[in-house]
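Quick notes on the structure that follows.
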Number of protein chains: 2
Amino acid sequence: MKKEIPYKIYLEEHEMPKQWYNVRADMKKKPAPILNPQTLKPITLEELSEIFCVELAKQELDDVNPYIDIPEEIRNFYKMYRPSPLVRAYCLEKKLGTPAHIYYKFEGNNTSGSHKLNSAIAQAYYAQKQNLKGVTTETGAGQWGTALSMACSYFDLDCQVYMVKCSYEQKPFRREVMRTYGASVTPSPSMTTDVGKKINAEFPGTNGSLGCAISEAVEAAAAQNGYRYVLGSVMSQVLLHQSVIGLEAKSALDKYGIKADIVIGCAGGGSNLGGLISPFAGEMLRGEADYKLIAVEPISCPSLTRGKYAYDFCDTGKVCPLQKMYTLGSGFMPTSSHAGGLRYHGMSSVVSEIYEQGLMEARSVRQTEVFQAAQEFARVEGILPAPESSHAIKVAIDEAIKCKETGESKNIVFGLTGTGYFDLYAYQKYNDGVMGDFVPTDEEIETSLSLLPNIDI
Amino acid sequence: MKKEIPYKIYLEEHEMPKQWYNVRADMKKKPAPILNPQTLKPITLEELSEIFCVELAKQELDDVNPYIDIPEEIRNFYKMYRPSPLVRAYCLEKKLGTPAHIYYKFEGNNTSGSHKLNSAIAQAYYAQKQNLKGVTTETGAGQWGTALSMACSYFDLDCQVYMVKCSYEQKPFRREVMRTYGASVTPSPSMTTDVGKKINAEFPGTNGSLGCAISEAVEAAAAQNGYRYVLGSVMSQVLLHQSVIGLEAKSALDKYGIKADIVIGCAGGGSNLGGLISPFAGEMLRGEADYKLIAVEPISCPSLTRGKYAYDFCDTGKVCPLQKMYTLGSGFMPTSSHAGGLRYHGMSSVVSEIYEQGLMEARSVRQTEVFQAAQEFARVEGILPAPESSHAIKVAIDEAIKCKETGESKNIVFGLTGTGYFDLYAYQKYNDGVMGDFVPTDEEIETSLSLLPNIDI
């Protein structure tokens, strides 16, 4: 007899994952190795450990071990805001009149407002274990910076955040959350680094960019004893930590005997998507099950659907290791959109390789239809979703409507990565009917792709 | 054998309350009857039904039935964001080095960001059952307006919110949440009501006040067929709905064999406090157990600690029924503070009577020490608390430190009513070290109290 499915499936604490899952271990064809930006050769553990903590560098390079123990201190922190619920969207189903069963894994119930905390706490933990004094990072909209400041506060680490100047000024509230958690937040470009001074001199009054903030954070880490630089997405270590999302989702489904048919995630750098789909992709790779996996990206920044699978720099400053990935080119400047977390030129090498192997499909959607889906969802399910997460909502609704047409009651699972409490300016634009859509021209994309480094190893 | 206590105690859905608890039924001496503002006589059901929905008017006047069924539709909505977790504050305990066990009932994990949704959904439900077209209300900071807009969206009711003009302009994000849920939000005083026009004419350029917004909302409800006015606190019906907080907390404690020693809530109009303490006060009234109940109010608006127990108007416009309550006088203007939800001149008649009978004590605290406690809490427990909720945190920490001194391992339970995501301006003031404290003078309070209506029935 099947158990009745509650509105929210919570695992018990003892059912929470004790190991992260490393999907690379189950891939016969592995993602291409990451390259040292100076030598353009596969980076060694020693070289990588100059940028990241040793343990994190090991995780970054490990494509062999399928399971990696989650240290107890991290598991205890996870218990403060995890397990996150797997929610059955009964009200959305009813509103749509669909026979599909819709589930979402909701990662927004913590003060960082998103899944970013899952990796931030792990990175802070290893930094503390290595007796570092602190870490540096960049943040755009502020989600990653917030998560990292929470994690550093917990482990008593200094946290230095370089925040893109226009966000620093336009999003003072995110900045204040970080300050409340004890982080120092510096608008970038600043006068505290050489690269910041240089950019300020060249472009007086510039609003800054993520590329510049990365460069400042890397320089600041290198200039201080006992500091390392940390990153919130794209890297394989981050996807490893984020596998906790997929593992919990899978356990919750298994607990009620539910077999997912479709698994959907929004795609920026790939951290939440990779984390969510990893255990499902793993079963596909091992030939145990089949799923329809869907990545959803903004039409304004379509790395999977219109990019090229090639080696590229992860940052515009070209100081981070290179990855082979679906990319629009590190110089690609997506036009303004309100899903700040999805405005990344590339895609995690793990997600890219999963896509390349045909295990996953990708779709791009317009932000106006994304906000329409967000509003529809909010009105019946209560939660005001982040613009990024709403990309997944849009496609989940599309798939549920298809089920209505065919009469199939498929199980649709999507990742609701976060809340939109700090994105109300975007909702205001939508509510006022003045939100636009931006689609890059073929010429823009070709020009950007023509500047890709020519590397084949 | 005692079960190990998890970080978060969640009830199963089938363990959630199916009835609200009406503490008045267990009181030998009942709260004094509420009065019709026109006749100054106890208001009748018929008269009250002109202001509120009939079912809500019945609940308002019912001091006999201890349990009232929660309709299934409301229970289903509750399942979307409830049960709320009872969290064991392991990290805060460790930080304080206290032998006390600290628990908090966290009501912030929904888009309204607070417990207000518990009553909003009930009031919207009864409005829909009565085939109303919509409801009107006022909102100050916007928490109640947000909760009501979510509830009305769920039940397809029109929702008209009069928002104090300075908040409308200074807190555009709360306004946008309400608009996203389909509510119409009008800055008050507006030109859409007679009272609004009058006030605009008398005080050109005024920033508005809660009293004025109430008057506009009441007038708007009366002027439209099929509309009623709804309120988010102070009324006994609201406390009844909020009893779900205390009932869940009690069940969660019972599930693990934990006996609370101290129960702490912040006190504004009394809705969350009354809801949290009701089941505990009920056991005290029935002679079944003893608890130390503590109400915490801001020193800037000290209705319990410095007010008078007397009949007073609930609103400055004097259009709502009068209650006998601890009050500073309906004309009392608390100096500016960042806990907008606690800037109310009076206190729910139920909470007032519980206090009068000596079942509960009250303390007032300064906002600077409240924000210090908030920051300390946020840094170890992760959650960024609302300024209102942080009043309870402050006293919970005080009590835990007392336990450290005496070596007692008491069980301290407090209500964490909401999150501070829309209160970052206040945190900024605190982070910048420019937050002040405001203590009303004896003269100010005496002057305000001298204007109380002279009623004794």
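Ligands are numbered from 1 in the order shown, chains are lettered A, B, ... in the order of the structure tokens, and residues start at 1 in each chain.
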I'd like a table as a Markdown table: residues in chain A with an atom no more than 8 Å from chain B, each row giving the shortest atom pair and its distance in Å to one decimal, only C-alpha atoms counted, sorted by chain and rising residue number.
```
| residue | atom | partner | partner_atom | distance |
| --- | --- | --- | --- | --- |
| A:Pro6 | CA | B:Glu13 | CA | 6.9 |
| A:Tyr7 | CA | B:Lys79 | CA | 6.1 |
| A:Lys8 | CA | B:Met80 | CA | 7.3 |
| A:Glu13 | CA | B:Pro6 | CA | 6.9 |
| A:Lys79 | CA | B:Tyr7 | CA | 6.1 |
| A:Met80 | CA | B:Tyr7 | CA | 6.2 |
| A:Asn109 | CA | B:Asn109 | CA | 6.1 |
| A:Asn110 | CA | B:Ile383 | CA | 6.5 |
| A:Thr111 | CA | B:Ile383 | CA | 5.3 |
| A:Met150 | CA | B:Gly382 | CA | 6.5 |
| A:Ser153 | CA | B:Arg379 | CA | 5.7 |
| A:Tyr154 | CA | B:Val380 | CA | 5.7 |
| A:Phe173 | CA | B:Leu424 | CA | 5.3 |
| A:Glu176 | CA | B:Gln428 | CA | 5.7 |
| A:Val177 | CA | B:Leu424 | CA | 7.1 |
| A:Arg179 | CA | B:Asn431 | CA | 7.0 |
| A:Thr180 | CA | B:Gln375 | CA | 6.4 |
| A:Tyr181 | CA | B:Arg379 | CA | 5.7 |
| A:Gln375 | CA | B:Thr180 | CA | 6.4 |
| A:Ala378 | CA | B:Tyr181 | CA | 7.2 |
| A:Arg379 | CA | B:Tyr181 | CA | 5.7 |
| A:Val380 | CA | B:Tyr154 | CA | 5.8 |
| A:Glu381 | CA | B:Met80 | CA | 7.2 |
| A:Gly382 | CA | B:Met150 | CA | 6.6 |
| A:Ile383 | CA | B:Thr111 | CA | 5.3 |
| A:Leu384 | CA | B:Thr111 | CA | 6.0 |
| A:Tyr421 | CA | B:Tyr421 | CA | 7.2 |
| A:Phe422 | CA | B:Tyr421 | CA | 8.0 |
| A:Leu424 | CA | B:Phe173 | CA | 5.4 |
| A:Tyr425 | CA | B:Phe173 | CA | 7.1 |
| A:Tyr427 | CA | B:Glu176 | CA | 6.7 |
| A:Gln428 | CA | B:Glu176 | CA | 5.7 |
| A:Asn431 | CA | B:Thr180 | CA | 6.7 |
```
Backbone-only DSSP, strand (DSSP E or B) members of stretch 88-272 of chain A, as a VMD selection string:
chain A and resid 88 101 to 106 114 134 to 139 158 to 164 184 to 188 227 to 229 262 to 266
Residues within 12 Å of B:Glu356, only C-alpha atoms, excluding chain neighbours under 3 positions, as an MDAnalysis selection string:
chainID B and resid 29:32 304:305 307:310 324:326 347 349:353 359:362
Looking only at helix (DSSP H, G or I) from DSSP on the backbone, list the matching residues of stretch 33-192 of chain A as a VMD selection string.
chain A and resid 45 to 51 54 to 61 72 to 81 90 to 96 117 to 129 143 to 154 165 to 170 172 to 180
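Non-sequential neighbours of B:Val164 (distance at most 7 Å, separation of 4 or more positions within a chain, only C-alpha atoms) are B:Thr139, B:Gly140, B:Tyr168, B:Pro187, B:Ser188, B:Gly208, B:Ser209, B:Leu210, B:Ala213.
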Write a file of the selected residues as a short mmCIF file (atom, residue, chain, number, x, y, z; two decimals), in the first residue's frame, keeping N, CA, C and O atoms.
```cif
data_model
loop_
_atom_site.label_atom_id
_atom_site.label_comp_id
_atom_site.auth_asym_id
_atom_site.auth_seq_id
_atom_site.Cartn_x
_atom_site.Cartn_y
_atom_site.Cartn_z
N THR B 139 -1.95 48.54 6.65
CA THR B 139 -0.68 47.93 7.03
C THR B 139 0.33 49.04 7.27
O THR B 139 0.27 50.09 6.62
N GLY B 140 1.18 48.79 8.24
CA GLY B 140 2.22 49.78 8.55
C GLY B 140 3.47 49.38 7.80
O GLY B 140 3.68 49.76 6.66
N TYR B 168 4.93 53.11 2.42
CA TYR B 168 4.69 52.88 1.00
C TYR B 168 5.87 53.38 0.19
O TYR B 168 6.31 52.74 -0.77
N PRO B 187 -1.39 54.28 -0.98
CA PRO B 187 -0.73 55.03 0.09
C PRO B 187 -1.76 55.84 0.88
O PRO B 187 -2.66 56.43 0.28
N SER B 188 -1.63 55.81 2.18
CA SER B 188 -2.60 56.49 3.04
C SER B 188 -1.92 57.63 3.80
O SER B 188 -0.83 57.44 4.33
N GLY B 208 1.22 60.22 6.79
CA GLY B 208 0.24 59.23 7.19
C GLY B 208 0.55 58.59 8.54
O GLY B 208 1.60 58.83 9.13
N SER B 209 -0.43 57.81 9.01
CA SER B 209 -0.27 57.11 10.29
C SER B 209 -1.14 55.86 10.24
O SER B 209 -2.04 55.75 9.41
N LEU B 210 -0.86 54.92 11.15
CA LEU B 210 -1.64 53.69 11.17
C LEU B 210 -3.10 54.02 11.47
O LEU B 210 -4.02 53.46 10.86
N ALA B 213 -4.78 55.11 8.37
CA ALA B 213 -4.94 53.99 7.41
C ALA B 213 -6.09 53.09 7.85
O ALA B 213 -6.87 52.62 7.01
#
```
With a cut-off of 12 Å, could you pull out the residues of stretch 192-265 of chain B touching stretch 34-51 of chain B and give me the nearest pair of atoms for each, distance in Å to one decimal, using only C-alpha atoms, ordered by chain and ascending number, as JSON lines?
```
{"residue": "B:Ala217", "atom": "CA", "partner": "B:Ile51", "partner_atom": "CA", "distance": 11.1}
{"residue": "B:Val218", "atom": "CA", "partner": "B:Ile51", "partner_atom": "CA", "distance": 8.1}
{"residue": "B:Glu219", "atom": "CA", "partner": "B:Ile51", "partner_atom": "CA", "distance": 10.4}
{"residue": "B:Ala220", "atom": "CA", "partner": "B:Ile51", "partner_atom": "CA", "distance": 11.5}
{"residue": "B:Ala221", "atom": "CA", "partner": "B:Ile51", "partner_atom": "CA", "distance": 8.4}
{"residue": "B:Ala222", "atom": "CA", "partner": "B:Ile51", "partner_atom": "CA", "distance": 8.1}
{"residue": "B:Ala223", "atom": "CA", "partner": "B:Ile51", "partner_atom": "CA", "distance": 11.8}
{"residue": "B:Asn225", "atom": "CA", "partner": "B:Glu50", "partner_atom": "CA", "distance": 11.6}
{"residue": "B:Gly226", "atom": "CA", "partner": "B:Glu50", "partner_atom": "CA", "distance": 10.9}
{"residue": "B:Tyr227", "atom": "CA", "partner": "B:Ile51", "partner_atom": "CA", "distance": 9.3}
{"residue": "B:Arg228", "atom": "CA", "partner": "B:Ile51", "partner_atom": "CA", "distance": 6.1}
{"residue": "B:Tyr229", "atom": "CA", "partner": "B:Ile51", "partner_atom": "CA", "distance": 6.2}
{"residue": "B:Val230", "atom": "CA", "partner": "B:Ile51", "partner_atom": "CA", "distance": 8.2}
{"residue": "B:Leu231", "atom": "CA", "partner": "B:Ile51", "partner_atom": "CA", "distance": 10.4}
{"residue": "B:Val234", "atom": "CA", "partner": "B:Ile34", "partner_atom": "CA", "distance": 11.6}
{"residue": "B:Met235", "atom": "CA", "partner": "B:Ile34", "partner_atom": "CA", "distance": 9.6}
{"residue": "B:Ser236", "atom": "CA", "partner": "B:Ile34", "partner_atom": "CA", "distance": 9.9}
```
Leaving out A:Met178 and any residue of its chain fewer than 5 positions from it, which residues lie within 7 Å of it when counting only C-alpha atoms, given as an MDAnalysis selection string?
chainID A and resid 145:146 149 183
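Going from atom CA of B:Pro334 over to atom CA of B:Glu446, you cover 13.6 Å.
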So that I can check the surroundings of stretch 287-298 of chain A, please list as an MDAnalysis selection string every protein, DNA and RNA residue that reaches within 9 Å of it, counting only C-alpha atoms and ignoring chain neighbours fewer than 2 positions away.
chainID A and resid 260:268 273 277 280:285 300:305 337 339 342:343 355 359:367 370 388 391:392 394:395
Could you pull the residues within 10 Å of A:Glu408, counting only C-alpha atoms, minus those fewer than 3 positions along the same chain, as an MDAnalysis selection string?
chainID A and resid 98:101 400 402:405 411
For the selection just defined, write its residues with N, CA and C atoms to a file, as a PDB file, in the first residue's frame.
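Listing of part-v7.pdb after writing:
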```pdb
ATOM      1  N   THR A  98      -3.734  19.595 -14.138  1.00  0.00           N
ATOM      2  CA  THR A  98      -2.887  18.587 -14.783  1.00  0.00           C
ATOM      3  C   THR A  98      -2.924  17.266 -14.011  1.00  0.00           C
ATOM      4  N   PRO A  99      -2.851  16.147 -14.724  1.00  0.00           N
ATOM      5  CA  PRO A  99      -2.732  14.863 -14.028  1.00  0.00           C
ATOM      6  C   PRO A  99      -1.297  14.609 -13.546  1.00  0.00           C
ATOM      7  N   ALA A 100      -0.355  15.474 -13.947  1.00  0.00           N
ATOM      8  CA  ALA A 100       1.035  15.301 -13.508  1.00  0.00           C
ATOM      9  C   ALA A 100       1.142  15.532 -12.003  1.00  0.00           C
ATOM     10  N   HIS A 101       2.133  14.892 -11.399  1.00  0.00           N
ATOM     11  CA  HIS A 101       2.461  15.166  -9.999  1.00  0.00           C
ATOM     12  C   HIS A 101       3.724  16.019 -10.004  1.00  0.00           C
ATOM     13  N   ALA A 400       3.985  20.078 -17.263  1.00  0.00           N
ATOM     14  CA  ALA A 400       2.719  19.675 -16.633  1.00  0.00           C
ATOM     15  C   ALA A 400       1.546  19.898 -17.577  1.00  0.00           C
ATOM     16  N   LYS A 402       1.793  19.782 -20.864  1.00  0.00           N
ATOM     17  CA  LYS A 402       1.889  18.686 -21.844  1.00  0.00           C
ATOM     18  C   LYS A 402       1.199  17.437 -21.318  1.00  0.00           C
ATOM     19  N   CYS A 403       1.393  17.150 -20.037  1.00  0.00           N
ATOM     20  CA  CYS A 403       0.756  15.975 -19.428  1.00  0.00           C
ATOM     21  C   CYS A 403      -0.765  16.103 -19.468  1.00  0.00           C
ATOM     22  N   LYS A 404      -1.226  17.336 -19.292  1.00  0.00           N
ATOM     23  CA  LYS A 404      -2.671  17.587 -19.345  1.00  0.00           C
ATOM     24  C   LYS A 404      -3.193  17.225 -20.741  1.00  0.00           C
ATOM     25  N   GLU A 405      -2.400  17.594 -21.742  1.00  0.00           N
ATOM     26  CA  GLU A 405      -2.821  17.314 -23.118  1.00  0.00           C
ATOM     27  C   GLU A 405      -2.795  15.817 -23.434  1.00  0.00           C
ATOM     28  N   ASN A 411       5.682  12.144 -13.021  1.00  0.00           N
ATOM     29  CA  ASN A 411       6.236  12.780 -11.830  1.00  0.00           C
ATOM     30  C   ASN A 411       7.317  13.778 -12.251  1.00  0.00           C
TER      31      ASN A 411
END
```
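Note that atom CA of B:Ile5 and atom CA of B:Glu93 are 14.1 Å apart.
Closest approach to A:Gly232 from the set A:Ser215, A:Lys129, A:His115, A:Pro189 is made by A:His115, with distances taken over only C-alpha atoms.
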Atom pair atom CA of B:Phe414 / atom CA of B:Gln323: separation (Å)
26.9 Å
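Each of B:Met435, B:Met163, B:Leu451, B:Ile74 was checked against B:Cys212 using only C-alpha atoms; the smallest atom-to-atom distance is that of B:Met163.
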